[in-house]
$ cat run.cif   # mmCIF, C-alpha atoms
data_target
loop_
_atom_site.group_PDB
_atom_site.id
_atom_site.type_symbol
_atom_site.label_atom_id
_atom_site.label_comp_id
_atom_site.auth_asym_id
_atom_site.auth_seq_id
_atom_site.Cartn_x
_atom_site.Cartn_y
_atom_site.Cartn_z
ATOM 1 C CA MET A 1 60.257 3.064 -96.014
ATOM 2 C CA ASP A 2 58.260 1.445 -98.761
ATOM 3 C CA VAL A 3 54.795 0.707 -97.460
ATOM 4 C CA THR A 4 54.758 -2.722 -99.017
ATOM 5 C CA ASP A 5 58.145 -3.633 -97.593
ATOM 6 C CA ASP A 6 57.445 -5.619 -94.442
ATOM 7 C CA ASP A 7 60.857 -7.234 -94.908
ATOM 8 C CA LEU A 8 62.487 -4.271 -93.185
ATOM 9 C CA VAL A 9 60.308 -4.803 -90.116
ATOM 10 C CA PHE A 10 60.982 -8.541 -89.924
ATOM 11 C CA LYS A 11 64.716 -8.049 -90.520
ATOM 12 C CA ALA A 12 64.888 -5.379 -87.852
ATOM 13 C CA LEU A 13 63.109 -7.632 -85.360
ATOM 14 C CA ALA A 14 65.291 -10.650 -86.187
ATOM 15 C CA ASP A 15 68.182 -9.343 -84.069
ATOM 16 C CA PRO A 16 68.348 -9.690 -80.247
ATOM 17 C CA THR A 17 70.200 -6.390 -79.751
ATOM 18 C CA ARG A 18 67.556 -4.504 -81.691
ATOM 19 C CA ARG A 19 64.763 -6.200 -79.754
ATOM 20 C CA PHE A 20 66.606 -5.252 -76.563
ATOM 21 C CA LEU A 21 66.672 -1.610 -77.693
ATOM 22 C CA LEU A 22 62.928 -1.698 -78.446
ATOM 23 C CA ASP A 23 62.280 -3.215 -75.002
ATOM 24 C CA ARG A 24 64.226 -0.393 -73.357
ATOM 25 C CA LEU A 25 62.161 2.184 -75.267
ATOM 26 C CA TYR A 26 58.967 0.378 -74.313
ATOM 27 C CA GLU A 27 59.990 0.732 -70.657
ATOM 28 C CA ARG A 28 60.802 4.381 -71.068
ATOM 29 C CA ASP A 29 60.313 6.216 -74.311
ATOM 30 C CA GLY A 30 62.171 9.185 -75.766
ATOM 31 C CA ARG A 31 65.764 8.286 -74.866
ATOM 32 C CA THR A 32 69.013 9.708 -76.219
ATOM 33 C CA LEU A 33 71.711 7.650 -77.904
ATOM 34 C CA THR A 34 73.912 8.116 -74.815
ATOM 35 C CA GLU A 35 71.225 6.650 -72.555
ATOM 36 C CA LEU A 36 70.634 3.667 -74.829
ATOM 37 C CA GLU A 37 74.352 3.086 -75.247
ATOM 38 C CA SER A 38 74.825 2.894 -71.473
ATOM 39 C CA GLU A 39 72.546 -0.186 -71.411
ATOM 40 C CA LEU A 40 74.648 -2.167 -73.888
ATOM 41 C CA GLU A 41 78.154 -3.623 -74.002
ATOM 42 C CA MET A 42 78.688 -2.179 -77.443
ATOM 43 C CA THR A 43 80.426 0.726 -79.148
ATOM 44 C CA ARG A 44 78.491 3.900 -79.798
ATOM 45 C CA PHE A 45 78.871 3.250 -83.510
ATOM 46 C CA GLY A 46 77.418 -0.256 -83.115
ATOM 47 C CA VAL A 47 74.365 1.057 -81.267
ATOM 48 C CA MET A 48 73.918 3.773 -83.913
ATOM 49 C CA LYS A 49 73.936 1.159 -86.646
ATOM 50 C CA HIS A 50 71.229 -0.872 -84.911
ATOM 51 C CA LEU A 51 69.126 2.238 -84.294
ATOM 52 C CA ARG A 52 69.446 3.121 -87.959
ATOM 53 C CA VAL A 53 68.043 -0.281 -88.991
ATOM 54 C CA LEU A 54 65.152 0.210 -86.564
ATOM 55 C CA GLU A 55 64.522 3.709 -87.903
ATOM 56 C CA ASP A 56 64.553 2.513 -91.524
ATOM 57 C CA ALA A 57 61.954 -0.080 -90.587
ATOM 58 C CA GLY A 58 59.807 2.621 -88.970
ATOM 59 C CA LEU A 59 60.076 0.980 -85.532
ATOM 60 C CA VAL A 60 61.981 3.900 -84.055
ATOM 61 C CA VAL A 61 61.160 7.539 -84.743
ATOM 62 C CA THR A 62 63.614 10.273 -83.772
ATOM 63 C CA ARG A 63 62.728 13.809 -82.811
ATOM 64 C CA LYS A 64 64.865 16.757 -81.844
ATOM 65 C CA ALA A 65 64.337 18.291 -78.419
ATOM 66 C CA GLY A 66 66.653 21.263 -78.045
ATOM 67 C CA ARG A 67 70.151 20.006 -78.777
ATOM 68 C CA GLU A 68 69.223 16.397 -78.199
ATOM 69 C CA LYS A 69 67.899 13.712 -80.501
ATOM 70 C CA LEU A 70 65.336 11.519 -78.769
ATOM 71 C CA HIS A 71 64.383 8.007 -79.852
ATOM 72 C CA PHE A 72 60.751 6.923 -79.667
ATOM 73 C CA LEU A 73 59.313 3.456 -80.063
ATOM 74 C CA ASN A 74 56.808 3.220 -82.902
ATOM 75 C CA ALA A 75 54.846 -0.036 -82.808
ATOM 76 C CA VAL A 76 52.473 0.937 -85.636
ATOM 77 C CA PRO A 77 54.323 -1.051 -88.374
ATOM 78 C CA ILE A 78 53.943 -4.217 -86.267
ATOM 79 C CA ARG A 79 50.308 -3.360 -85.678
ATOM 80 C CA VAL A 80 49.719 -2.908 -89.418
ATOM 81 C CA ILE A 81 51.201 -6.326 -90.188
ATOM 82 C CA HIS A 82 49.198 -7.898 -87.371
ATOM 83 C CA ASP A 83 45.920 -6.312 -88.438
ATOM 84 C CA ARG A 84 46.395 -7.328 -92.053
ATOM 85 C CA TRP A 85 47.067 -10.937 -91.124
ATOM 86 C CA ILE A 86 44.141 -11.091 -88.732
ATOM 87 C CA ASP A 87 42.005 -9.582 -91.475
ATOM 88 C CA LYS A 88 43.173 -12.155 -94.015
ATOM 89 C CA TYR A 89 42.578 -14.919 -91.554
ATOM 90 C CA ARG A 90 39.020 -13.762 -90.968
ATOM 91 C CA GLU A 91 38.340 -13.543 -94.678
ATOM 92 C CA ARG A 92 39.512 -17.094 -95.025
ATOM 93 C CA GLN A 93 37.285 -18.191 -92.153
ATOM 94 C CA VAL A 94 34.290 -16.515 -93.757
ATOM 95 C CA SER A 95 34.982 -18.118 -97.111
ATOM 96 C CA ALA A 96 35.546 -21.465 -95.399
ATOM 97 C CA LEU A 97 32.083 -21.165 -93.880
ATOM 98 C CA ALA A 98 30.664 -20.217 -97.278
ATOM 99 C CA ASP A 99 32.384 -23.257 -98.767
ATOM 100 C CA LEU A 100 30.948 -25.462 -96.075
ATOM 101 C CA LYS A 101 27.477 -24.056 -96.680
ATOM 102 C CA ASN A 102 27.782 -24.741 -100.425
ATOM 103 C CA GLU A 103 29.055 -28.175 -99.685
ATOM 104 C CA LEU A 104 26.083 -28.964 -97.445
ATOM 105 C CA GLU A 105 23.564 -27.522 -99.886
ATOM 106 C CA ASN A 106 25.016 -29.429 -102.823
ATOM 107 C CA SER A 107 25.092 -32.704 -101.001
ATOM 108 C CA ALA A 108 21.543 -32.324 -99.663
ATOM 109 C CA MET B 1 72.056 12.341 -68.026
ATOM 110 C CA THR B 2 69.263 12.610 -65.482
ATOM 111 C CA THR B 3 68.071 15.808 -67.150
ATOM 112 C CA THR B 4 67.025 13.855 -70.246
ATOM 113 C CA GLU B 5 64.855 11.460 -68.263
ATOM 114 C CA THR B 6 61.945 13.858 -67.939
ATOM 115 C CA THR B 7 60.792 13.554 -71.557
ATOM 116 C CA VAL B 8 58.863 10.313 -71.243
ATOM 117 C CA THR B 9 55.307 11.608 -71.413
ATOM 118 C CA THR B 10 55.278 12.219 -75.169
ATOM 119 C CA GLN B 11 54.129 9.443 -77.495
ATOM 120 C CA VAL B 12 55.041 9.276 -81.180
ATOM 121 C CA HIS B 13 53.054 7.100 -83.592
ATOM 122 C CA ARG B 14 53.900 6.961 -87.288
ATOM 123 C CA VAL B 15 52.448 5.225 -90.313
ATOM 124 C CA TRP B 16 53.168 5.246 -94.060
ATOM 125 C CA ILE B 17 50.104 5.389 -96.303
ATOM 126 C CA LYS B 18 49.707 5.174 -100.076
ATOM 127 C CA ALA B 19 47.551 8.282 -100.333
ATOM 128 C CA THR B 20 47.924 12.017 -100.933
ATOM 129 C CA PRO B 21 48.449 14.434 -98.018
ATOM 130 C CA GLN B 22 45.045 15.948 -98.829
ATOM 131 C CA ALA B 23 43.295 12.566 -98.570
ATOM 132 C CA ILE B 24 44.896 12.007 -95.176
ATOM 133 C CA TRP B 25 44.034 15.524 -94.015
ATOM 134 C CA ASP B 26 40.398 14.923 -94.980
ATOM 135 C CA ALA B 27 40.380 11.547 -93.235
ATOM 136 C CA ILE B 28 41.466 13.264 -89.995
ATOM 137 C CA THR B 29 39.298 16.377 -90.128
ATOM 138 C CA LYS B 30 36.031 15.307 -91.787
ATOM 139 C CA PRO B 31 33.327 13.362 -89.914
ATOM 140 C CA GLU B 32 32.330 11.246 -92.929
ATOM 141 C CA TRP B 33 35.862 9.786 -92.773
ATOM 142 C CA THR B 34 36.486 9.664 -89.010
ATOM 143 C CA GLY B 35 33.258 7.706 -88.587
ATOM 144 C CA ARG B 36 34.818 4.806 -90.506
ATOM 145 C CA TYR B 37 38.005 3.867 -88.649
ATOM 146 C CA GLY B 38 39.379 3.560 -85.124
ATOM 147 C CA TYR B 39 36.841 4.617 -82.507
ATOM 148 C CA CYS B 40 34.527 5.845 -85.291
ATOM 149 C CA ALA B 41 33.821 9.115 -83.520
ATOM 150 C CA ARG B 42 32.553 11.891 -85.773
ATOM 151 C CA VAL B 43 34.699 14.992 -85.485
ATOM 152 C CA GLU B 44 33.763 18.633 -85.769
ATOM 153 C CA TYR B 45 36.660 21.051 -86.416
ATOM 154 C CA ASP B 46 36.689 24.806 -86.687
ATOM 155 C CA LEU B 47 40.052 24.830 -88.471
ATOM 156 C CA ARG B 48 41.577 28.112 -87.303
ATOM 157 C CA PRO B 49 43.604 29.050 -84.229
ATOM 158 C CA GLY B 50 41.278 29.083 -81.232
ATOM 159 C CA GLY B 51 38.603 27.158 -83.156
ATOM 160 C CA ALA B 52 36.635 24.479 -81.326
ATOM 161 C CA TYR B 53 37.175 20.755 -81.736
ATOM 162 C CA ARG B 54 34.616 18.163 -80.686
ATOM 163 C CA ALA B 55 34.264 14.452 -81.302
ATOM 164 C CA TYR B 56 30.860 12.797 -81.071
ATOM 165 C CA PRO B 57 30.434 9.080 -80.427
ATOM 166 C CA GLY B 58 29.608 6.817 -83.373
ATOM 167 C CA ALA B 59 26.458 4.695 -83.232
ATOM 168 C CA GLU B 60 28.222 1.707 -81.692
ATOM 169 C CA MET B 61 29.862 3.736 -78.946
ATOM 170 C CA ALA B 62 26.760 5.808 -78.242
ATOM 171 C CA ALA B 63 24.789 2.616 -77.590
ATOM 172 C CA HIS B 64 26.832 2.028 -74.425
ATOM 173 C CA PRO B 65 25.246 3.417 -71.258
ATOM 174 C CA GLY B 66 27.033 6.412 -69.751
ATOM 175 C CA VAL B 67 28.819 7.539 -72.905
ATOM 176 C CA PRO B 68 28.721 11.366 -72.985
ATOM 177 C CA ASP B 69 27.316 13.339 -75.929
ATOM 178 C CA VAL B 70 30.802 14.681 -76.651
ATOM 179 C CA VAL B 71 33.644 12.177 -76.165
ATOM 180 C CA VAL B 72 36.639 14.440 -76.860
ATOM 181 C CA ASP B 73 36.961 18.205 -76.853
ATOM 182 C CA GLY B 74 39.734 20.692 -77.467
ATOM 183 C CA GLU B 75 40.866 23.741 -79.383
ATOM 184 C CA VAL B 76 42.779 24.187 -82.632
ATOM 185 C CA VAL B 77 46.204 25.758 -82.055
ATOM 186 C CA GLU B 78 47.618 25.673 -85.574
ATOM 187 C CA SER B 79 46.057 24.552 -88.853
ATOM 188 C CA ASP B 80 48.189 24.311 -91.993
ATOM 189 C CA PRO B 81 46.282 22.068 -94.422
ATOM 190 C CA PRO B 82 47.242 19.497 -95.566
ATOM 191 C CA ARG B 83 50.551 19.401 -93.648
ATOM 192 C CA ARG B 84 50.180 20.150 -89.991
ATOM 193 C CA LEU B 85 47.467 20.300 -87.366
ATOM 194 C CA VAL B 86 48.131 21.188 -83.729
ATOM 195 C CA GLN B 87 45.378 21.158 -81.144
ATOM 196 C CA THR B 88 44.526 20.585 -77.514
ATOM 197 C CA TRP B 89 42.768 17.314 -76.790
ATOM 198 C CA ARG B 90 40.859 16.090 -73.739
ATOM 199 C CA MET B 91 38.919 12.874 -73.435
ATOM 200 C CA LEU B 92 35.564 13.144 -71.668
ATOM 201 C CA MET B 93 34.730 9.462 -71.294
ATOM 202 C CA ASP B 94 35.052 9.473 -67.505
ATOM 203 C CA PRO B 95 35.655 11.976 -64.678
ATOM 204 C CA GLU B 96 39.272 10.876 -64.125
ATOM 205 C CA LEU B 97 40.138 11.541 -67.758
ATOM 206 C CA VAL B 98 38.376 14.902 -67.609
ATOM 207 C CA ALA B 99 40.397 15.746 -64.485
ATOM 208 C CA GLU B 100 43.674 15.063 -66.305
ATOM 209 C CA GLY B 101 42.876 18.080 -68.431
ATOM 210 C CA PHE B 102 43.953 19.085 -71.915
ATOM 211 C CA THR B 103 46.851 17.424 -73.694
ATOM 212 C CA ARG B 104 48.546 18.616 -76.875
ATOM 213 C CA LEU B 105 48.141 16.644 -80.088
ATOM 214 C CA THR B 106 50.015 17.219 -83.353
ATOM 215 C CA HIS B 107 49.407 15.593 -86.727
ATOM 216 C CA GLU B 108 52.291 15.919 -89.192
ATOM 217 C CA ILE B 109 51.693 14.901 -92.810
ATOM 218 C CA ASP B 110 54.731 14.589 -95.083
ATOM 219 C CA GLU B 111 54.819 13.295 -98.640
ATOM 220 C CA VAL B 112 57.826 10.985 -98.985
ATOM 221 C CA ALA B 113 58.047 9.400 -102.448
ATOM 222 C CA GLY B 114 56.110 7.360 -104.981
ATOM 223 C CA GLY B 115 52.685 8.448 -103.798
ATOM 224 C CA VAL B 116 53.469 7.522 -100.198
ATOM 225 C CA THR B 117 52.710 9.898 -97.367
ATOM 226 C CA ARG B 118 54.027 9.688 -93.826
ATOM 227 C CA LEU B 119 51.628 10.534 -91.034
ATOM 228 C CA THR B 120 53.050 11.173 -87.571
ATOM 229 C CA ILE B 121 51.047 11.718 -84.417
ATOM 230 C CA ILE B 122 52.856 13.414 -81.548
ATOM 231 C CA HIS B 123 50.823 13.324 -78.363
ATOM 232 C CA GLU B 124 52.195 15.323 -75.425
ATOM 233 C CA LEU B 125 50.668 13.715 -72.368
ATOM 234 C CA ASP B 126 52.127 15.638 -69.442
ATOM 235 C CA GLY B 127 50.084 14.976 -66.305
ATOM 236 C CA ALA B 128 47.776 12.542 -68.096
ATOM 237 C CA PRO B 129 48.921 8.997 -67.198
ATOM 238 C CA LYS B 130 45.465 7.462 -67.542
ATOM 239 C CA LEU B 131 44.948 8.921 -70.989
ATOM 240 C CA ALA B 132 48.513 7.901 -71.947
ATOM 241 C CA ALA B 133 47.704 4.254 -71.139
ATOM 242 C CA LEU B 134 44.504 4.482 -73.168
ATOM 243 C CA VAL B 135 45.961 6.099 -76.301
ATOM 244 C CA GLY B 136 49.068 3.907 -75.974
ATOM 245 C CA GLY B 137 46.817 0.866 -76.464
ATOM 246 C CA GLU B 138 47.440 -0.648 -73.029
ATOM 247 C CA LYS B 139 43.709 -1.046 -72.337
ATOM 248 C CA GLU B 140 42.869 -2.910 -75.515
ATOM 249 C CA ASP B 141 42.160 -6.193 -73.739
ATOM 250 C CA THR B 142 39.435 -4.499 -71.713
ATOM 251 C CA GLY B 143 37.611 -3.463 -74.893
ATOM 252 C CA ALA B 144 38.812 0.148 -74.795
ATOM 253 C CA GLY B 145 40.275 0.037 -78.306
ATOM 254 C CA GLY B 146 43.923 -0.102 -79.297
ATOM 255 C CA GLY B 147 44.837 3.572 -79.051
ATOM 256 C CA TRP B 148 46.660 5.509 -81.766
ATOM 257 C CA GLY B 149 48.368 2.422 -83.243
ATOM 258 C CA TRP B 150 44.985 0.866 -83.878
ATOM 259 C CA VAL B 151 43.525 4.139 -85.172
ATOM 260 C CA LEU B 152 46.408 4.612 -87.641
ATOM 261 C CA SER B 153 46.255 1.011 -88.821
ATOM 262 C CA GLY B 154 42.528 1.412 -89.487
ATOM 263 C CA LEU B 155 43.101 4.715 -91.275
ATOM 264 C CA LYS B 156 45.758 3.121 -93.501
ATOM 265 C CA THR B 157 43.487 0.185 -94.362
ATOM 266 C CA LEU B 158 40.566 2.482 -95.172
ATOM 267 C CA LEU B 159 42.553 4.816 -97.428
ATOM 268 C CA GLU B 160 44.464 2.064 -99.228
ATOM 269 C CA THR B 161 41.689 -0.484 -99.701
ATOM 270 C CA GLY B 162 38.457 1.477 -99.202
ATOM 271 C CA LYS B 163 37.521 -1.095 -96.585
ATOM 272 C CA GLU B 164 36.981 -0.758 -92.890
ATOM 273 C CA LEU B 165 39.287 -2.780 -90.685
ATOM 274 C CA ASP B 166 37.563 -5.690 -89.016
ATOM 275 C CA ARG B 167 37.115 -5.259 -85.311
#

$ encode --input "run.cif" --output "structure tokens"
Amino acid sequence: MDVTDDDLVFKALADPTRRFLLDRLYERDGRTLTELESELEMTRFGVMKHLRVLEDAGLVVTRKAGREKLHFLNAVPIRVIHDRWIDKYRERQVSALADLKNELENSA
Amino acid sequence: MTTTETTVTTQVHRVWIKATPQAIWDAITKPEWTGRYGYCARVEYDLRPGGAYRAYPGAEMAAHPGVPDVVVDGEVVESDPPRRLVQTWRMLMDPELVAEGFTRLTHEIDEVAGGVTRLTIIHELDGAPKLAALVGGEKEDTGAGGGWGWVLSGLKTLLETGKELDR
């Protein structure tokens, strides 16, 4: 995943099936494809495709445990986007205050 | 299928950072870096198998009454700079957390492409539900910090911009 590519995260989240899969992993993390598949009216291939999109976006991380591949929810990419926006917002607030201060001083 | 349902206690947190593996390794293992993101604890590592690990509270945390002199302790299990660090990890902030005992924490650092490095934290939290809630960020609203997600986001911001994430 390209670090600057938030598009993958937004695209991955823009689908109700993929959000459903993330919700299931939030409830109980580290599930197999078979477990996730059993929760959806969808072919195994369809679920795999959705999981792949989530993995490419960094929202799902897979790890091998013995013969099984487990899927883990990774919320850090959402967190990173959130923190950056909050940060930007604060910067703007600070500069807005600075602007206001200038404004008041100039008009005094 | 029921046999696979016992693996829930591990947490995996991953972030992609525009930095070298060495820069990330330093940011995890050196106190001058760890004091600048996340909980801002200052770490002390003896980076060899069996070596001691301790984290001391930063100024802001230490100002709170009842914060112990050492906030996290543990032991290095495996140290392969700048790729892999495995250790035990126990939080000492309150008696219940101490009672949950040592957990196992792994940092994996992999260079992917174009100067981007992938950092993965694998935290095995068997028998430590209270710590799992804390490092999973569930207690953030109570002022307990946002767990590993918050720590990694702060680490990314610091290494990529040189600035500390607003809190």

$ residues_near_point --input "run.cif" --point "(51.4, 13.9, -68.4)" --cutoff "9 Å" --atoms "all atoms listed in the file" --output "PyMOL selection string"
chain B and resi 8-10+100+103+124-132

$ residues_near_point --input "run.cif" --point "(64.8, 4.4, -78.7)" --cutoff "8 Å" --atoms "all atoms listed in the file" --output "VMD selection string"
chain A and resid 21 to 22 24 to 25 29 to 33 36 51 60 to 62 70 to 73

$ write_last_selection --input "run.cif" --atoms "C-alpha atoms" --output "compact mmCIF listing (two decimals), in the frame of the given file"
# COMPACT_ATOMS: atom_id res chain seq x y z
CA LEU A 21 66.67 -1.61 -77.69
CA LEU A 22 62.93 -1.70 -78.45
CA ARG A 24 64.23 -0.39 -73.36
CA LEU A 25 62.16 2.18 -75.27
CA ASP A 29 60.31 6.22 -74.31
CA GLY A 30 62.17 9.18 -75.77
CA ARG A 31 65.76 8.29 -74.87
CA THR A 32 69.01 9.71 -76.22
CA LEU A 33 71.71 7.65 -77.90
CA LEU A 36 70.63 3.67 -74.83
CA LEU A 51 69.13 2.24 -84.29
CA VAL A 60 61.98 3.90 -84.06
CA VAL A 61 61.16 7.54 -84.74
CA THR A 62 63.61 10.27 -83.77
CA LEU A 70 65.34 11.52 -78.77
CA HIS A 71 64.38 8.01 -79.85
CA PHE A 72 60.75 6.92 -79.67
CA LEU A 73 59.31 3.46 -80.06

$ axis_aligned_box --input "run.cif" --around "segment 79-82 of chain A" --padding-each-side "3 Å" --output "JSON"
{"center_x": 50.2, "center_y": -5.4, "center_z": -87.9, "size_x": 8.0, "size_y": 11.0, "size_z": 10.5}

$ resolve_selection --input "run.cif" --expression "the PyMOL selection byres ((chain A) within 12 of (chain B))" --output "ChimeraX atom specification"
/A:1-6,25-38,55-91

$ write_last_selection --input "run.cif" --atoms "C-alpha atoms" --output "mmCIF file, in the coordinates of the input"
data_model
loop_
_atom_site.group_PDB
_atom_site.id
_atom_site.type_symbol
_atom_site.label_atom_id
_atom_site.label_comp_id
_atom_site.auth_asym_id
_atom_site.auth_seq_id
_atom_site.Cartn_x
_atom_site.Cartn_y
_atom_site.Cartn_z
ATOM 1 C CA MET A 1 60.257 3.064 -96.014
ATOM 2 C CA ASP A 2 58.260 1.445 -98.761
ATOM 3 C CA VAL A 3 54.795 0.707 -97.460
ATOM 4 C CA THR A 4 54.758 -2.722 -99.017
ATOM 5 C CA ASP A 5 58.145 -3.633 -97.593
ATOM 6 C CA ASP A 6 57.445 -5.619 -94.442
ATOM 7 C CA LEU A 25 62.161 2.184 -75.267
ATOM 8 C CA TYR A 26 58.967 0.378 -74.313
ATOM 9 C CA GLU A 27 59.990 0.732 -70.657
ATOM 10 C CA ARG A 28 60.802 4.381 -71.068
ATOM 11 C CA ASP A 29 60.313 6.216 -74.311
ATOM 12 C CA GLY A 30 62.171 9.185 -75.766
ATOM 13 C CA ARG A 31 65.764 8.286 -74.866
ATOM 14 C CA THR A 32 69.013 9.708 -76.219
ATOM 15 C CA LEU A 33 71.711 7.650 -77.904
ATOM 16 C CA THR A 34 73.912 8.116 -74.815
ATOM 17 C CA GLU A 35 71.225 6.650 -72.555
ATOM 18 C CA LEU A 36 70.634 3.667 -74.829
ATOM 19 C CA GLU A 37 74.352 3.086 -75.247
ATOM 20 C CA SER A 38 74.825 2.894 -71.473
ATOM 21 C CA GLU A 55 64.522 3.709 -87.903
ATOM 22 C CA ASP A 56 64.553 2.513 -91.524
ATOM 23 C CA ALA A 57 61.954 -0.080 -90.587
ATOM 24 C CA GLY A 58 59.807 2.621 -88.970
ATOM 25 C CA LEU A 59 60.076 0.980 -85.532
ATOM 26 C CA VAL A 60 61.981 3.900 -84.055
ATOM 27 C CA VAL A 61 61.160 7.539 -84.743
ATOM 28 C CA THR A 62 63.614 10.273 -83.772
ATOM 29 C CA ARG A 63 62.728 13.809 -82.811
ATOM 30 C CA LYS A 64 64.865 16.757 -81.844
ATOM 31 C CA ALA A 65 64.337 18.291 -78.419
ATOM 32 C CA GLY A 66 66.653 21.263 -78.045
ATOM 33 C CA ARG A 67 70.151 20.006 -78.777
ATOM 34 C CA GLU A 68 69.223 16.397 -78.199
ATOM 35 C CA LYS A 69 67.899 13.712 -80.501
ATOM 36 C CA LEU A 70 65.336 11.519 -78.769
ATOM 37 C CA HIS A 71 64.383 8.007 -79.852
ATOM 38 C CA PHE A 72 60.751 6.923 -79.667
ATOM 39 C CA LEU A 73 59.313 3.456 -80.063
ATOM 40 C CA ASN A 74 56.808 3.220 -82.902
ATOM 41 C CA ALA A 75 54.846 -0.036 -82.808
ATOM 42 C CA VAL A 76 52.473 0.937 -85.636
ATOM 43 C CA PRO A 77 54.323 -1.051 -88.374
ATOM 44 C CA ILE A 78 53.943 -4.217 -86.267
ATOM 45 C CA ARG A 79 50.308 -3.360 -85.678
ATOM 46 C CA VAL A 80 49.719 -2.908 -89.418
ATOM 47 C CA ILE A 81 51.201 -6.326 -90.188
ATOM 48 C CA HIS A 82 49.198 -7.898 -87.371
ATOM 49 C CA ASP A 83 45.920 -6.312 -88.438
ATOM 50 C CA ARG A 84 46.395 -7.328 -92.053
ATOM 51 C CA TRP A 85 47.067 -10.937 -91.124
ATOM 52 C CA ILE A 86 44.141 -11.091 -88.732
ATOM 53 C CA ASP A 87 42.005 -9.582 -91.475
ATOM 54 C CA LYS A 88 43.173 -12.155 -94.015
ATOM 55 C CA TYR A 89 42.578 -14.919 -91.554
ATOM 56 C CA ARG A 90 39.020 -13.762 -90.968
ATOM 57 C CA GLU A 91 38.340 -13.543 -94.678
#

$ residues_around --input "run.cif" --residues "Glu32 of chain B" --least-positions-apart "4" --cutoff "10 Å" --atoms "only C-alpha atoms" --output "mmCIF file with C-alpha atoms, in the frame of the given file"
data_model
loop_
_atom_site.group_PDB
_atom_site.id
_atom_site.type_symbol
_atom_site.label_atom_id
_atom_site.label_comp_id
_atom_site.auth_asym_id
_atom_site.auth_seq_id
_atom_site.Cartn_x
_atom_site.Cartn_y
_atom_site.Cartn_z
ATOM 1 C CA ASP B 26 40.398 14.923 -94.980
ATOM 2 C CA ALA B 27 40.380 11.547 -93.235
ATOM 3 C CA ILE B 28 41.466 13.264 -89.995
ATOM 4 C CA ARG B 36 34.818 4.806 -90.506
ATOM 5 C CA CYS B 40 34.527 5.845 -85.291
ATOM 6 C CA ALA B 41 33.821 9.115 -83.520
ATOM 7 C CA ARG B 42 32.553 11.891 -85.773
ATOM 8 C CA VAL B 43 34.699 14.992 -85.485
#

$ atom_distance --input "run.cif" --atom1 "atom CA of Arg90 of chain B" --atom2 "atom CA of Val77 of chain B"
13.8 Å

$ resolve_selection --input "run.cif" --expression "the PyMOL selection byres ((chain B and resi 95) around 12)" --output "ChimeraX atom specification"
/B:66-68,71,90-94,96-101,130-131

$ resolve_selection --input "run.cif" --expression "the PyMOL selection byres ((chain B and resi 45-48) around 7)" --output "JSON, numbers by chain"
{"B": [29, 43, 44, 49, 50, 51, 52, 53, 54, 76, 78, 79]}

$ write_last_selection --input "run.cif" --atoms "C-alpha atoms" --output "PDB file, in the coordinates of the input"
ATOM      1  CA  THR B  29      39.298  16.377 -90.128  1.00  0.00           C
ATOM      2  CA  VAL B  43      34.699  14.992 -85.485  1.00  0.00           C
ATOM      3  CA  GLU B  44      33.763  18.633 -85.769  1.00  0.00           C
ATOM      4  CA  PRO B  49      43.604  29.050 -84.229  1.00  0.00           C
ATOM      5  CA  GLY B  50      41.278  29.083 -81.232  1.00  0.00           C
ATOM      6  CA  GLY B  51      38.603  27.158 -83.156  1.00  0.00           C
ATOM      7  CA  ALA B  52      36.635  24.479 -81.326  1.00  0.00           C
ATOM      8  CA  TYR B  53      37.175  20.755 -81.736  1.00  0.00           C
ATOM      9  CA  ARG B  54      34.616  18.163 -80.686  1.00  0.00           C
ATOM     10  CA  VAL B  76      42.779  24.187 -82.632  1.00  0.00           C
ATOM     11  CA  GLU B  78      47.618  25.673 -85.574  1.00  0.00           C
ATOM     12  CA  SER B  79      46.057  24.552 -88.853  1.00  0.00           C
TER      13      SER B  79
END

$ atom_distance --input "run.cif" --atom1 "atom CA of Ala12 of chain A" --atom2 "atom CA of His50 of chain A"
8.3 Å

$ atom_distance --input "run.cif" --atom1 "atom CA of Ala14 of chain A" --atom2 "atom CA of Gly137 of chain B"
23.8 Å

$ build_atoms --input "run.cif" --residues "segment 146-153 of chain B" --atoms "N, CA and C atoms" --output "mmCIF file, in the frame of the given file"
data_model
loop_
_atom_site.group_PDB
_atom_site.id
_atom_site.type_symbol
_atom_site.label_atom_id
_atom_site.label_comp_id
_atom_site.auth_asym_id
_atom_site.auth_seq_id
_atom_site.Cartn_x
_atom_site.Cartn_y
_atom_site.Cartn_z
ATOM 1 N N GLY B 146 42.468 0.032 -79.316
ATOM 2 C CA GLY B 146 43.923 -0.102 -79.297
ATOM 3 C C GLY B 146 44.709 1.188 -79.393
ATOM 4 N N GLY B 147 44.094 2.314 -79.055
ATOM 5 C CA GLY B 147 44.837 3.572 -79.051
ATOM 6 C C GLY B 147 45.256 4.025 -80.446
ATOM 7 N N TRP B 148 46.260 4.905 -80.496
ATOM 8 C CA TRP B 148 46.660 5.509 -81.766
ATOM 9 C C TRP B 148 47.160 4.480 -82.776
ATOM 10 N N GLY B 149 47.864 3.439 -82.321
ATOM 11 C CA GLY B 149 48.368 2.422 -83.243
ATOM 12 C C GLY B 149 47.226 1.775 -84.017
ATOM 13 N N TRP B 150 46.181 1.477 -83.294
ATOM 14 C CA TRP B 150 44.985 0.866 -83.878
ATOM 15 C C TRP B 150 44.268 1.849 -84.808
ATOM 16 N N VAL B 151 44.169 3.095 -84.366
ATOM 17 C CA VAL B 151 43.525 4.139 -85.172
ATOM 18 C C VAL B 151 44.272 4.307 -86.504
ATOM 19 N N LEU B 152 45.609 4.387 -86.426
ATOM 20 C CA LEU B 152 46.408 4.612 -87.641
ATOM 21 C C LEU B 152 46.363 3.405 -88.576
ATOM 22 N N SER B 153 46.354 2.217 -88.006
ATOM 23 C CA SER B 153 46.255 1.011 -88.821
ATOM 24 C C SER B 153 44.912 0.984 -89.560
#
